[in-house]
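Peer 1: Sharing a structure, written as structure tokens. Questions coming.
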Amino acid sequence: MLKDTLRQYILENFLFSDNPSDLADDDSFMEKEIIDSTGILEVIEFLEEEAGITIEDEEMVPENLDSVNRIVRFVERKQQG
Amino acid sequence: MSLLEEKILSIDYDREIERITDMMRRYLRQTAHRRGLVVAISGGIDSSVCAALAVEAVGRKRVLALRLPEADSSDATGDRSLMLAEHLDIETITTPITDILSAIGCYQWRDSAIREVFPDYGDGWKNKIVLEGGLEGQYNHFKLVVEDPEGRQHSRRLEYHQYLQIVAATNHKQRIRKTLEYFHADRKNYAVVGTPNLLEYDQGFFVKNGDGSADIKPIAHLYKSQVYGMARHLGLPDPICDAVPTTDTYSLAQGQDEFYFALPYQQMDVALWAYRNGLPASELSGELGISEERAQLVYRDIEAKRRMTEYLVMDPASLEPVQ
């Protein structure tokens, strides 16, 4: 499950936490200061490797990448399309 | 009258020079107990103005200028720094740092990351990094642009680890320069002048322990346009006053707005002034002749860069304050 892998990745790499309640699926990475604009490049690299997708420049927007749920929906759309 | 003219360019330069040079003398006398000032001069506007202010503050015999070119420095910046040194008539030491950078692996680490993207990259090629995305509503990301020996340019988005490695490697340049500045400062019992302007300081456009490190930062409160105005007021040579800001760090010509800032410096000054003074995006859009949506993106970019770089100017973290 991408959602579980992604949550684990963000908890471990950005929050240095093993407590699942530190990250809600709809938490805005920017507003909650979980991931900054450089960090999102790291997430993109992770997603491209993990989900086997290529993320285009125009897809690198908060609407697609600013929370766990947004990322999961975005990746699912990419994989279906 | 535009906001740039009314709020930014209209400062009293004589009074500002007096305030700054007073501060520099006071710092040397009361805080640092040092006898003069070291300034690394790049040929750019900021270091040129800082060197001129240093001369105004303590006299030309107590200012040491350093020219520290490396393999990717442009001839134009080298010529301008020499012109400045002659104009100010200050002692100047030129130390090319290419061999030091080679020994520390600067070019090797950079080029190995570049070759992940462009495997043919090698002798005779040039490179630069270009920032994109922020004003299109995207996350900021970085393109690597290379020019092959036939003059053809190629561009590709950098992956995160490639971007980090290229920037980490090129940061050696600013850090080696700072090492040499402090060597000469210690040798002469001088203080080191740092040259960031307000735009660079506010937006974190400097290398920690590199050009961000200094004992005294005389123009950190001045917008870039004010630094240009100060250069004219101080009577610096025209080629310096007219110089376009570049990073002078990558082998392809690279404007600071390409690498870091979302807009050319005059517009960035206006945007930053507007942001710091609480002007709504609707007013900024009128000033810059851009849509309100784009003005909002400029503000968002300013905030993102502040968040990303705020740790650069913080004291090291410790559990308790240590006296």
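Ordering of the structure tokens sets the chain letters (A, B, ...); residue numbers start at 1 within each chain; ligands are numbered from 1 in the order shown.
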Kindly assemble as a tab-separated table a list of the region 133-174 of chain B residues that lie within 9 Å of region 281-299 of chain B, each paired with its nearest atom pair and their distance in Å to one decimal, using only C-alpha atoms, sorted first by chain and then by ascending residue number.
Peer 2:
```
residue	atom	partner	partner_atom	distance
B:Gly134	CA	B:Leu297	CA	6.9
B:Leu135	CA	B:Leu297	CA	5.6
B:Glu136	CA	B:Leu297	CA	7.7
B:Gly137	CA	B:Leu297	CA	6.4
```
Peer 1: Apply DSSP to the structure's backbone, then extract all residues of region 106-209 of chain B labelled strand (DSSP E) and return them as a list in words.
Peer 2: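 Matching residues, listed in order: Lys126, Asn127, Lys128, Ile129, Val130, Leu131, Glu132, His141, Phe142, Lys143, Leu144, Val145, Val146, Glu147, Gln153, His154, Ser155, Arg156, Arg157, Ala191 and Val192 of chain B.
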Peer 1: Could you take the residues named above and write them with N, CA and C atoms, as a PDB file, in the first residue's frame?
Peer 2:
```
ATOM      1  N   LYS B 126      30.048  23.612 -20.327  1.00  0.00           N
ATOM      2  CA  LYS B 126      29.742  24.578 -19.262  1.00  0.00           C
ATOM      3  C   LYS B 126      28.415  24.203 -18.616  1.00  0.00           C
ATOM      4  N   ASN B 127      28.170  24.778 -17.434  1.00  0.00           N
ATOM      5  CA  ASN B 127      26.951  24.400 -16.704  1.00  0.00           C
ATOM      6  C   ASN B 127      26.398  25.558 -15.898  1.00  0.00           C
ATOM      7  N   LYS B 128      25.131  25.454 -15.577  1.00  0.00           N
ATOM      8  CA  LYS B 128      24.518  26.325 -14.567  1.00  0.00           C
ATOM      9  C   LYS B 128      23.233  25.671 -14.079  1.00  0.00           C
ATOM     10  N   ILE B 129      22.739  26.159 -12.957  1.00  0.00           N
ATOM     11  CA  ILE B 129      21.466  25.684 -12.410  1.00  0.00           C
ATOM     12  C   ILE B 129      20.458  26.820 -12.505  1.00  0.00           C
ATOM     13  N   VAL B 130      19.246  26.481 -12.916  1.00  0.00           N
ATOM     14  CA  VAL B 130      18.201  27.495 -13.074  1.00  0.00           C
ATOM     15  C   VAL B 130      17.000  27.098 -12.219  1.00  0.00           C
ATOM     16  N   LEU B 131      16.477  28.086 -11.484  1.00  0.00           N
ATOM     17  CA  LEU B 131      15.310  27.872 -10.619  1.00  0.00           C
ATOM     18  C   LEU B 131      14.034  28.057 -11.438  1.00  0.00           C
ATOM     19  N   GLU B 132      13.083  27.153 -11.249  1.00  0.00           N
ATOM     20  CA  GLU B 132      11.800  27.285 -11.954  1.00  0.00           C
ATOM     21  C   GLU B 132      10.655  26.907 -11.029  1.00  0.00           C
ATOM     22  N   HIS B 141      11.790  24.190  -8.228  1.00  0.00           N
ATOM     23  CA  HIS B 141      12.667  23.073  -8.556  1.00  0.00           C
ATOM     24  C   HIS B 141      13.787  23.592  -9.454  1.00  0.00           C
ATOM     25  N   PHE B 142      14.721  22.736  -9.743  1.00  0.00           N
ATOM     26  CA  PHE B 142      15.952  23.223 -10.367  1.00  0.00           C
ATOM     27  C   PHE B 142      16.254  22.459 -11.649  1.00  0.00           C
ATOM     28  N   LYS B 143      16.577  23.229 -12.670  1.00  0.00           N
ATOM     29  CA  LYS B 143      16.988  22.637 -13.944  1.00  0.00           C
ATOM     30  C   LYS B 143      18.508  22.781 -14.065  1.00  0.00           C
ATOM     31  N   LEU B 144      19.128  21.744 -14.562  1.00  0.00           N
ATOM     32  CA  LEU B 144      20.540  21.828 -14.916  1.00  0.00           C
ATOM     33  C   LEU B 144      20.624  22.190 -16.395  1.00  0.00           C
ATOM     34  N   VAL B 145      21.334  23.255 -16.699  1.00  0.00           N
ATOM     35  CA  VAL B 145      21.548  23.645 -18.089  1.00  0.00           C
ATOM     36  C   VAL B 145      23.026  23.440 -18.391  1.00  0.00           C
ATOM     37  N   VAL B 146      23.314  22.696 -19.449  1.00  0.00           N
ATOM     38  CA  VAL B 146      24.711  22.520 -19.859  1.00  0.00           C
ATOM     39  C   VAL B 146      24.856  22.977 -21.300  1.00  0.00           C
ATOM     40  N   GLU B 147      26.066  23.404 -21.614  1.00  0.00           N
ATOM     41  CA  GLU B 147      26.376  23.798 -22.997  1.00  0.00           C
ATOM     42  C   GLU B 147      27.521  22.919 -23.473  1.00  0.00           C
ATOM     43  N   GLN B 153      22.879  24.131 -26.134  1.00  0.00           N
ATOM     44  CA  GLN B 153      22.465  24.022 -24.737  1.00  0.00           C
ATOM     45  C   GLN B 153      21.445  22.898 -24.557  1.00  0.00           C
ATOM     46  N   HIS B 154      21.552  22.214 -23.424  1.00  0.00           N
ATOM     47  CA  HIS B 154      20.639  21.136 -23.079  1.00  0.00           C
ATOM     48  C   HIS B 154      20.166  21.386 -21.644  1.00  0.00           C
ATOM     49  N   SER B 155      18.933  21.015 -21.345  1.00  0.00           N
ATOM     50  CA  SER B 155      18.374  21.315 -20.030  1.00  0.00           C
ATOM     51  C   SER B 155      17.565  20.131 -19.523  1.00  0.00           C
ATOM     52  N   ARG B 156      17.697  19.828 -18.252  1.00  0.00           N
ATOM     53  CA  ARG B 156      16.896  18.752 -17.661  1.00  0.00           C
ATOM     54  C   ARG B 156      16.691  19.026 -16.166  1.00  0.00           C
ATOM     55  N   ARG B 157      15.524  18.626 -15.656  1.00  0.00           N
ATOM     56  CA  ARG B 157      15.264  18.829 -14.227  1.00  0.00           C
ATOM     57  C   ARG B 157      16.168  17.933 -13.395  1.00  0.00           C
ATOM     58  N   ALA B 191      39.117  42.687  11.027  1.00  0.00           N
ATOM     59  CA  ALA B 191      37.801  42.025  11.034  1.00  0.00           C
ATOM     60  C   ALA B 191      37.360  41.770   9.589  1.00  0.00           C
ATOM     61  N   VAL B 192      36.497  40.765   9.438  1.00  0.00           N
ATOM     62  CA  VAL B 192      36.028  40.389   8.097  1.00  0.00           C
ATOM     63  C   VAL B 192      34.681  41.049   7.799  1.00  0.00           C
TER      64      VAL B 192
END
```
Peer 1: Report the closest atom pair, with its distance in Å rounded to one decimal, for each residue of chain B that has an atom no farther than 7 Å from chain A; count only C-alpha atoms, sort by chain and then rising residue number, and write it as JSON lines.
Peer 2:
```
{"residue": "B:Gly137", "atom": "CA", "partner": "A:Val61", "partner_atom": "CA", "distance": 6.4}
{"residue": "B:Gln138", "atom": "CA", "partner": "A:Val61", "partner_atom": "CA", "distance": 4.5}
{"residue": "B:Tyr139", "atom": "CA", "partner": "A:Met60", "partner_atom": "CA", "distance": 5.8}
{"residue": "B:Asn140", "atom": "CA", "partner": "A:Ser37", "partner_atom": "CA", "distance": 6.4}
{"residue": "B:Glu159", "atom": "CA", "partner": "A:Glu45", "partner_atom": "CA", "distance": 6.5}
{"residue": "B:Tyr160", "atom": "CA", "partner": "A:Leu41", "partner_atom": "CA", "distance": 5.4}
{"residue": "B:Ala304", "atom": "CA", "partner": "A:Ser37", "partner_atom": "CA", "distance": 6.8}
{"residue": "B:Met308", "atom": "CA", "partner": "A:Asp36", "partner_atom": "CA", "distance": 6.3}
```
Peer 1: Using only C-alpha atoms, which of A:Asp18, A:Asp4, A:Glu48, A:Asp27 sits nearest Lys78 (chain A)?
Peer 2: A:Glu48
Peer 1: Record the distance separating CA of Thr247 (chain B) and CA of Phe118 (chain B), expressed in Å with one decimal.
Peer 2: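 CA of Phe118 (chain B) lies at a distance of 22.5 Å from CA of Thr247 (chain B).
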Peer 1: Using only C-alpha atoms, which protein or nucleic acid residues come within 12 Å of Ser81 (chain B)? Drop anything in the same chain fewer than 3 positions from it, and give the result as a PyMOL selection string.
Peer 2: chain B and resi 39-49+51-52+65-69+73-78+84-90+92-94+236-237+239-240+243
Peer 1: Write to file, as an mmCIF file, in the first residue's frame, the residues of the selection just made, with C-alpha atoms.
Peer 2:
```cif
data_model
loop_
_atom_site.group_PDB
_atom_site.id
_atom_site.type_symbol
_atom_site.label_atom_id
_atom_site.label_comp_id
_atom_site.auth_asym_id
_atom_site.auth_seq_id
_atom_site.Cartn_x
_atom_site.Cartn_y
_atom_site.Cartn_z
ATOM 1 C CA VAL B 39 36.904 42.544 2.180
ATOM 2 C CA ALA B 40 36.811 39.884 -0.528
ATOM 3 C CA ILE B 41 35.963 41.724 -3.722
ATOM 4 C CA SER B 42 34.227 39.843 -6.518
ATOM 5 C CA GLY B 43 33.674 42.677 -8.963
ATOM 6 C CA GLY B 44 29.984 42.674 -8.043
ATOM 7 C CA ILE B 45 28.086 45.620 -6.669
ATOM 8 C CA ASP B 46 27.771 44.444 -3.053
ATOM 9 C CA SER B 47 31.410 43.743 -2.297
ATOM 10 C CA SER B 48 32.443 46.865 -4.211
ATOM 11 C CA VAL B 49 30.221 49.067 -2.059
ATOM 12 C CA ALA B 51 35.005 47.896 0.215
ATOM 13 C CA ALA B 52 34.303 51.552 -0.501
ATOM 14 C CA ALA B 65 41.041 43.572 -0.445
ATOM 15 C CA LEU B 66 41.174 39.952 -1.562
ATOM 16 C CA ARG B 67 40.587 38.773 -5.108
ATOM 17 C CA LEU B 68 39.861 35.045 -5.021
ATOM 18 C CA PRO B 69 38.996 33.840 -8.526
ATOM 19 C CA SER B 73 34.932 33.035 -12.474
ATOM 20 C CA SER B 74 34.245 35.281 -15.443
ATOM 21 C CA ASP B 75 36.904 37.577 -16.878
ATOM 22 C CA ALA B 76 34.501 40.507 -16.509
ATOM 23 C CA THR B 77 34.167 40.171 -12.743
ATOM 24 C CA GLY B 78 37.936 39.789 -12.415
ATOM 25 C CA LEU B 84 37.825 48.715 -7.914
ATOM 26 C CA ALA B 85 41.084 47.991 -6.113
ATOM 27 C CA GLU B 86 42.878 50.554 -8.266
ATOM 28 C CA HIS B 87 40.063 53.075 -7.848
ATOM 29 C CA LEU B 88 40.122 52.766 -4.050
ATOM 30 C CA ASP B 89 43.919 52.472 -4.019
ATOM 31 C CA ILE B 90 43.872 49.713 -1.405
ATOM 32 C CA THR B 92 45.048 43.890 -2.735
ATOM 33 C CA ILE B 93 46.060 40.259 -2.685
ATOM 34 C CA THR B 94 45.018 37.962 -5.533
ATOM 35 C CA LEU B 236 32.495 53.978 -8.076
ATOM 36 C CA PRO B 237 33.507 53.312 -11.711
ATOM 37 C CA PRO B 239 31.357 49.298 -15.146
ATOM 38 C CA ILE B 240 30.820 48.411 -11.476
ATOM 39 C CA ALA B 243 27.137 45.423 -13.512
#
```
Peer 1: Can you list, as a PyMOL selection string, all residues belonging to region 5-75 of chain A that DSSP tags as alpha helix (DSSP H)?
Peer 2: chain A and resi 5-13+39-50+62-65+68-75
Peer 1: Have a look at CA of Ala54 (chain B) and CA of Asp238 (chain B) and let me know their distance in Å, one decimal.
Peer 2: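 Taking CA of Ala54 (chain B) and CA of Asp238 (chain B), their separation equals 19.6 Å.
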Peer 1: From the options A:Ala51, A:Ser28, A:Gln79, A:Ile34, which residue's atoms come nearest to Asp66 (chain A), counting only C-alpha atoms?
Peer 2: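 That would be A:Ser28, the residue with the smallest distance to Asp66 (chain A).
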